[in-house]
Structure formats: structure tokens, C-alpha cells
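Visitor: Quick one: structure below, then a few questions.
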Amino acid sequence: MTSIALSSPLFFFLLSGLIGLVVLLFFLRPPVLNRLMPSNLIWKRILGSSRAINERWRWWLSLLLSMLIAACLLFAAFRPVTNGQTDDRSLIIFDNAPSMGALTKDGTSRFNVAKDSLMGYLNSLSKDMQVMLVDTQRQITTPSFGSISQATKTLESLNVGSSLDPLVPSQVGTINVSRKFIYTDGVMIGSVPEDFTVVSVFQPVPNVGITQLSFAAVPSNTQQRQAFIEVVNGGSESQVIEVALTQTKSRLVTRQVELAPYEKLTQIFDVTDFESGPVKASVVSNMDLFNADDVAFGYITAKRQVRVGLVSNNSESKMLTLLGLMPRVVLTSLTYPDYQGLEADKLQFDALVFDGVSVDRKPPIPAIFFGVNSANWSDIPTVPIRSSQLSVETGAIHPVLRNIPMTDLLIESGIVFQPVDGIDPLLTTEGEGVLAVAVPGAVKNILLGFDLDKSNLALLADFPIFLSNSITWLVDEPPILNSKPGTIRLPGDITKVYRIDGVDVPLWFADGSAYFHTRETGLFTGFSSNGPLRVSVSQLDRRFSDINKSNLPSLELSKNFVDPVLNGYSLSFLIGAVTLILLMADWYLYHRRIIQ
């Protein structure tokens with residue numbers, strides 16, 4: 001329903017016109033009724049009126065009541081506005097920024113204190129009041145005016161958000177209502193407009209948190225790794241805290257440090273004994289009242305030595321020389337009978353390379369196969385090459401072929417693989433098909449359908465790079481994406497994302513990218529045809545830990561909010577009540593023959 005200002009010319013015009021219409025109706029005379037009656041009744045009436053006092057006041061009283069009723073109806077219908085502000089609507093901004101998750105000294109979070117206070121205010125309003133509730137984390141996507149019950153349900157659905165940049169729609173500032181409130185701790189929301197009443201839930205409390213976590217090799221010794229952890233004291237009291245770095249129960253390092261008020265301190269840990277994989281950093285304090293910044297996650301992805309087993313019956317294989325020259329590779333040469341004689345649990349290798357030998361079962365560890373004649377265990381259909389010489393094209397987007405054109409590769413004979421879902425083609429040839437494929441999964445494989453002796457691959461300058469890329473793709477930790485909570489953007493070829501505990505995370509796709517949302521910190525893994533992608537989600541921004549930077553008065557000093565306007569009843573509601581009273585008075589006076 002529209003509202004109108006009391007001082008506006010339009011309202012004055014409508015009110016004047018309505019009152020003028022009422023007066024005009026009162027001046028209308030009803031038609032004369034012709035009646036036959038005895039003359040003595042007429043004379044009695046004349047004698048009675050001549051003795052009565054002038055009773056014109058009855059007419060004026062009736063006119064006054066009618067004008068008041070008409071004016072009240074107009075007031076109630078157009079929701080009167082005073083000083084440009086509507087009286088029967090209330091605008092409330094509710095701050096649910098991360099700092100609102102801090103606990104107060106009685107153990108209740110600032111968020112819940114604000115929520116309880118706002119709930120009490122809503123319960124004090126008259127039922128006809130319209131309320132617009134806006135949150136600073138945009139969990140309410142389309143705020144609008146609604147009933148108190150709707151606002152209560154919306155408030156119950158709100159949670160503490162993760163964005164460090166609170167946002168309120170700009171159009172909120174243009175809404176003209178007489179009641180504007182903001183419930184906040186004043187930490188992240190910044191300055192508040194002067195026409196808003198601020199309800200402060202701020203209370204300074206102790207807090208320590210992690211603001212940085214990274215891993216690096218020592219320049220003088222590439223085999224030694226260090227972890228860098230930055231911790232901060234966001235409170236006004238000194239604290240003794242324990243900093244811990246955990247990978248497994250047996251791989252754990254801890255240290256106690258003392259932090260002065262608002263001090264930032266960097267600690268360096270020796271994590272040489274840690275393996276490649278996820279690591280959790282944490283801080284523990286008995287005084288801490290904000291737990292959301294106490295944990296951070298990361299991955300160690302050190303370039304380690306790779307144990308490679310070369311399975312070949314050719315003692316003069318060119319592969320033996322090339323693999324032996326690679327600085328990361330620790331090479332062991334095996335004949336095929338030697339390989340067959342080893343049990344699965346005795347294969348102490350990170351990867352296997354098969355050169356010109358047929359394998360009847362899939363190895364339990366990543367492997368490269370040169371000269372595949374058939375691979376029944378791979379479920380990939382194959383057919384022989386028909387041509388005597390083939391020129392090859394590459395699928396350059398795959399990590400195995402990074403920086404490798406292979407434009408001069410020629411192949412004499414072998415097999416081609418039929419296209420299968422979930423298998424990535426590496427080398428193709430026009431008219432024949434796929435000559436090499438990469439098989440992703442928990443145990444990766446690379447299959448080439450030709451022998452080195454039946455091609456010039458071993459003579460190309462690209463071959464050592466191809467071997468190095470292949471081993472890296474097979475055994476190294478996947479790339480890492482560091483992000484903060486919220487909506488996280490991933491490459492468009494990601495098809496699945498799992499939390500570290502194995503829970504499937506919902507994905508959506510837009511503009512060639514994949515997205516998922518999380519409000520919590522943790523470790524995630526995305527899967528694509530190019531292999532997995534590690535995602536470390538931690539809130540390491542210093543602003544996240546500065547929960548005491550507020551200019552608002554403390555919770556103990558701020559008074560509980562009490563609605564100062566009309567004891568919770570809107571002006572429209574009261575005008576409606578007055579209209580009802582006037583109608584009842586008019587009805588009573590008319591039926592008592594006091595007015596006519």
C-alpha cells in the first residue's frame with residue numbers, strides 16, 4: 001500500500017475534498033414527503049417547537065463526527081508519513097559477519113545475543129507492522145517488507161557468514177521509514193548512517209588465530225622442508241598458546257609461545273619427516289573465545305625422489321639410459337620373469353615402466369606401457385594399425401604433453417585404441433585413431449600402442465620431456481588451490497569434488513568454470529580427466545582475527561532497546577482504532593436521538 005506525507009499538497013487536497021464532500025452531503029435536502037394527517041398533530045408539533053431551545057447544535061455535532069470519521073479513514077488508508085518517513089514499517093539491518101561468531105563472557109555468541117534482542121523487539125510490535133530484514137552476508141537475497149511472522153522465520157534461518165566484506169544493498173538507504181535499526185558488533189560493517197539506531201552487541205574478548213601457513217624447502221638443502229606459521233593475538237591481554245602442526249599421530253610437532261597484546265609472531269617448524277600430503281595447523285588457548293581462526297589447512301608437495309622399476313627383456317633398452325639420467329629417479333631394472341615373481345606387496349616402487357613386454361594383469365601401482373599388444377584388463381578395445389607409416393598429432397591440453405609438440409613422430413606398426421569415456425587420448429593419427437591414452441583414477445596408467453623400436457620416439461628431443469612429464473603425472477601430488485570460505489571457482493573440467501572425509505560436495509557450472517560453496521574451512525579434492533586438484537580452504541586474513549576493532553560501546557554499557565514510538569502501535573493502527581470509536585459514538589448518539 002502507498003504512503004503519503006502529511007505535509008504534502010496531495011494529502012491536503014484529498015483531505016479538503018473529502019471534508020467538502022461530507023459538508024455537501026449534509027446540505028442536501030431530502031425530497032418533501034406528502035403525508036395526510038390530522039391538523040391537530042401539526043398544531044401540537046408547532047406549539048412544542050416554539051417552546052424548545054434552538055437545537056441547531058445537533059446538526060453541527062453530526063457534521064463534525066462525519067468529518068472526523070472521513071478524515072480518519074483517509075489517514076488510515078494512505079498510511080500517513082511524518083517528516084518524510086512512514087510510521088508503520090520498520091527497517092532492520094542484521095549483521096551476521098564472521099566476527100559475530102565470537103563468544104561473549106557468558107558463553108553466548110554475539111550473533112545469538114543480537115538475535116535474541118531483535119526477537120524481543122519484533123515481539124513488541126503491533127501485528128500490523130511491516131518489517132524488512134536485511135543481513136550483511138546476503139543470505140537474504142531479495143529483502144522486502146513483510147509481516148512480523150515472516151521476519152521471525154527469516155531471522156531463524158540466518159547463520160554467521162564467512163565474507164570479510166559485509167554488503168548491504170544500496171537501495172536500502174533510500175527507504176523512508178521512521179524506524180531504522182542495525183544490530184551489530186561494529187567490527188566489519190564500518191560506519192553506520194546517522195538515521196539508524198544502533199543496537200550494540202560488541203564485547204571485547206580474548207582471541208588468538210592463525211593468519212599464515214606455508215611450506216618451503218631449505219635453499220641450502222632441498223631435502224629439508226620447513227613450515228611457516230604466523231599467529232596473532234587479537235585481544236588486549238597477553239596469552240601463552242600452543243602451536244601444533246599435525247599430519248598423522250606420529251607426525252606431530254608442537255611449541256608453546258607467548259603473545260603480547262595485538263602481537264603478530266612467525267614460527268618456523270622443521271617438517272622434513274612429514275610426507276607429501278595434507279597438514280593441519282592449530283593454536284590452542286584456554287582464554288580464546290573465537291574458535292573460527294584457530295585451524296588452517298595446507299598441503300606439502302615436495303619434489304621427492306621417485307622409485308621407478310623398468311620391466312624389459314632388452315638389456316640394451318634406450319629407456320634404461322634415459323631413466324638413469326633423470327635426477328629424481330632411483331631406477332631398478334627387472335626382467336619380465338623377475339617382475340612376475342614379485343608379490344604385489346613386494347613391489348617397492350612408486351611407478352613402473354614396461355618396455356615391449358605383455359602384461360596379463362593391471363599393476364597395483366602407476367605404470368607406463370610401451371608397445372601394448374592388448375590390454376584386456378584396461379577394458380579399452382584395440383585394433384591393429386593398418387598403415388605402414390603414420391604421422392602423429394598430440395592432445396596438447398594434457399599435462400603429460402606439456403611443452404611437447406611431437407611433430408616429427410613417425411610410427412611403423414602397433415595398435416590403436418577405440419575411444420572410451422573417461423580415457424584421455426594423448427596421441428592421435430588421421431584415419432587410424434588413438435595411438436596413446438592416459439587412464440586417470442586412483443592408480444593411473446599411460447598406454448602407448450607402439451614399441452620404441454617401431455617408431456622414432458626414442459630419437460626425438462621431446463622424449464626425455466615426455467618421460468619426465470609422465471612420471472610427474474603418475475606419482476606427484478596434484479596441484480593445490482588455496483582459497484578462503486565462500487564460493488570457490490575451479491577449472492571447468494572438474495567433474496566431482498569431495499571433502500577430506502569423503503562427502504560429495506554439490507557442484508554447479510557457469511561460464512566454462514566449475515563452482516562449489518563452503519562456509520567451513522577444510523580440505524577438498526576435485527577430480528578431472530587431468531587428475532585430481534587439491535583445494536585448501538582456510539580463513540587466514542588478519543581482519544578475520546581482529547574481532548575487537550569496534551568503536552561501539554560494550555555490551556555491558558549499552559541499554560536494551562525499547563521502542564520509543566507509540567508503545568509498539570503504529571499510527572495507522574491507532575487511527576483505525578479511533579475511527580472505530582467514532583463510528584460507535586455516532587451510532588450511539590444517532591439511536592439515542594441526540595443527533596439527527
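By order of appearance in the C-alpha cells: chains A, B, ..., then residues from 1 within every chain, and ligands from 1 in the order shown.
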Which residues, written as a VMD selection string, have at least one atom at most 10 Å from Gly422 in chain A, with only C-alpha atoms counted and residues fewer than 3 positions away on the same chain left out?
Guide: chain A and resid 419 425 438 to 441 528 to 529
Visitor: Please return, as number ranges by chain, all residues of range 73-240 of chain A that DSSP assigns to strand (DSSP E) on the basis of the backbone.
Guide: A: 80-82, 85-94, 130-135, 177-184, 197-200, 208-218, 221-233, 239-240
Visitor: Could you tell me which of A:Ile210, A:Val240, A:Val416, A:Ile140 comes closest to Asn286 in chain A if we count only C-alpha atoms?
Guide: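 Counting only C-alpha atoms, the residue closest to Asn286 in chain A is A:Val240.
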Visitor: Identify which of the residues A:Phe417, A:Pro399, A:Asn548, A:Lys264 lies closest to Pro532 in chain A, counting only C-alpha atoms when measuring atom-to-atom distances.
Guide: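 Closest candidate: A:Pro399.
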Visitor: What is the distance, in Å and to one decimal place, between CA of Thr321 in chain A and CA of Phe466 in chain A?
Guide: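 Computing the Euclidean distance for CA of Thr321 in chain A and CA of Phe466 in chain A yields 14.7 Å.
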Visitor: Write out as a ChimeraX atom specification each polymer residue whose atoms come within 6 Å of range 490-496 of chain A, counting only C-alpha atoms; drop sequence neighbours fewer than 5 positions from it.
Guide: /A:512-515,526-528
Visitor: Store the residues of this selection in a file with N, CA and C atoms, as a PDB file, in the first residue's frame.
Guide:
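And here is the file that came out, again22.pdb:
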ATOM      1  N   GLY A 512      32.080 -21.687 -18.323  1.00  0.00           N
ATOM      2  CA  GLY A 512      33.239 -22.544 -18.548  1.00  0.00           C
ATOM      3  C   GLY A 512      33.996 -22.928 -17.298  1.00  0.00           C
ATOM      4  N   SER A 513      33.472 -22.642 -16.123  1.00  0.00           N
ATOM      5  CA  SER A 513      34.136 -22.981 -14.862  1.00  0.00           C
ATOM      6  C   SER A 513      33.192 -23.799 -13.983  1.00  0.00           C
ATOM      7  N   ALA A 514      33.784 -24.494 -13.024  1.00  0.00           N
ATOM      8  CA  ALA A 514      33.016 -25.235 -12.020  1.00  0.00           C
ATOM      9  C   ALA A 514      33.088 -24.478 -10.697  1.00  0.00           C
ATOM     10  N   TYR A 515      32.020 -24.551  -9.910  1.00  0.00           N
ATOM     11  CA  TYR A 515      31.953 -23.823  -8.644  1.00  0.00           C
ATOM     12  C   TYR A 515      31.386 -24.730  -7.552  1.00  0.00           C
ATOM     13  N   GLY A 526      39.202 -32.124  -5.986  1.00  0.00           N
ATOM     14  CA  GLY A 526      38.421 -32.133  -7.217  1.00  0.00           C
ATOM     15  C   GLY A 526      39.031 -33.100  -8.211  1.00  0.00           C
ATOM     16  N   PHE A 527      38.182 -33.770  -8.993  1.00  0.00           N
ATOM     17  CA  PHE A 527      38.649 -34.770  -9.950  1.00  0.00           C
ATOM     18  C   PHE A 527      38.280 -34.348 -11.363  1.00  0.00           C
ATOM     19  N   SER A 528      39.237 -34.552 -12.273  1.00  0.00           N
ATOM     20  CA  SER A 528      39.016 -34.276 -13.685  1.00  0.00           C
ATOM     21  C   SER A 528      39.812 -35.281 -14.502  1.00  0.00           C
TER      22      SER A 528
END
Visitor: Please give the complete set of residues from range 485-558 of chain A that DSSP, run on the backbone, assigns to helix (DSSP H, G or I), formatted as a PyMOL selection string.
Guide: chain A and resi 542-545
Visitor: Taking into account only C-alpha atoms, which residue in the set A:Ile415, A:Val253, A:Val205, A:Ile300 is nearest to Phe450 in chain A?
Guide: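 So, comparing all the options, the nearest one is A:Ile415.
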Visitor: Excluding Asn207 in chain A and any residue of its chain fewer than 2 positions from it, enumerate the residues within 6 Å of it, using only C-alpha atoms, and give them as a VMD selection string.
Guide: chain A and resid 234 to 235 288 to 290
Visitor: Based on the selection just made, write C-alpha atoms of those residues as a PDB file, in the first residue's frame.
Guide:
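Output below, filename again_15.pdb:
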ATOM      1  CA  GLY A 234      43.720 -10.165  18.572  1.00  0.00           C
ATOM      2  CA  GLY A 235      42.989  -9.257  22.193  1.00  0.00           C
ATOM      3  CA  ASP A 288      40.334 -17.929  23.387  1.00  0.00           C
ATOM      4  CA  LEU A 289      36.662 -17.027  22.757  1.00  0.00           C
ATOM      5  CA  PHE A 290      36.715 -17.129  18.929  1.00  0.00           C
TER       6      PHE A 290
END
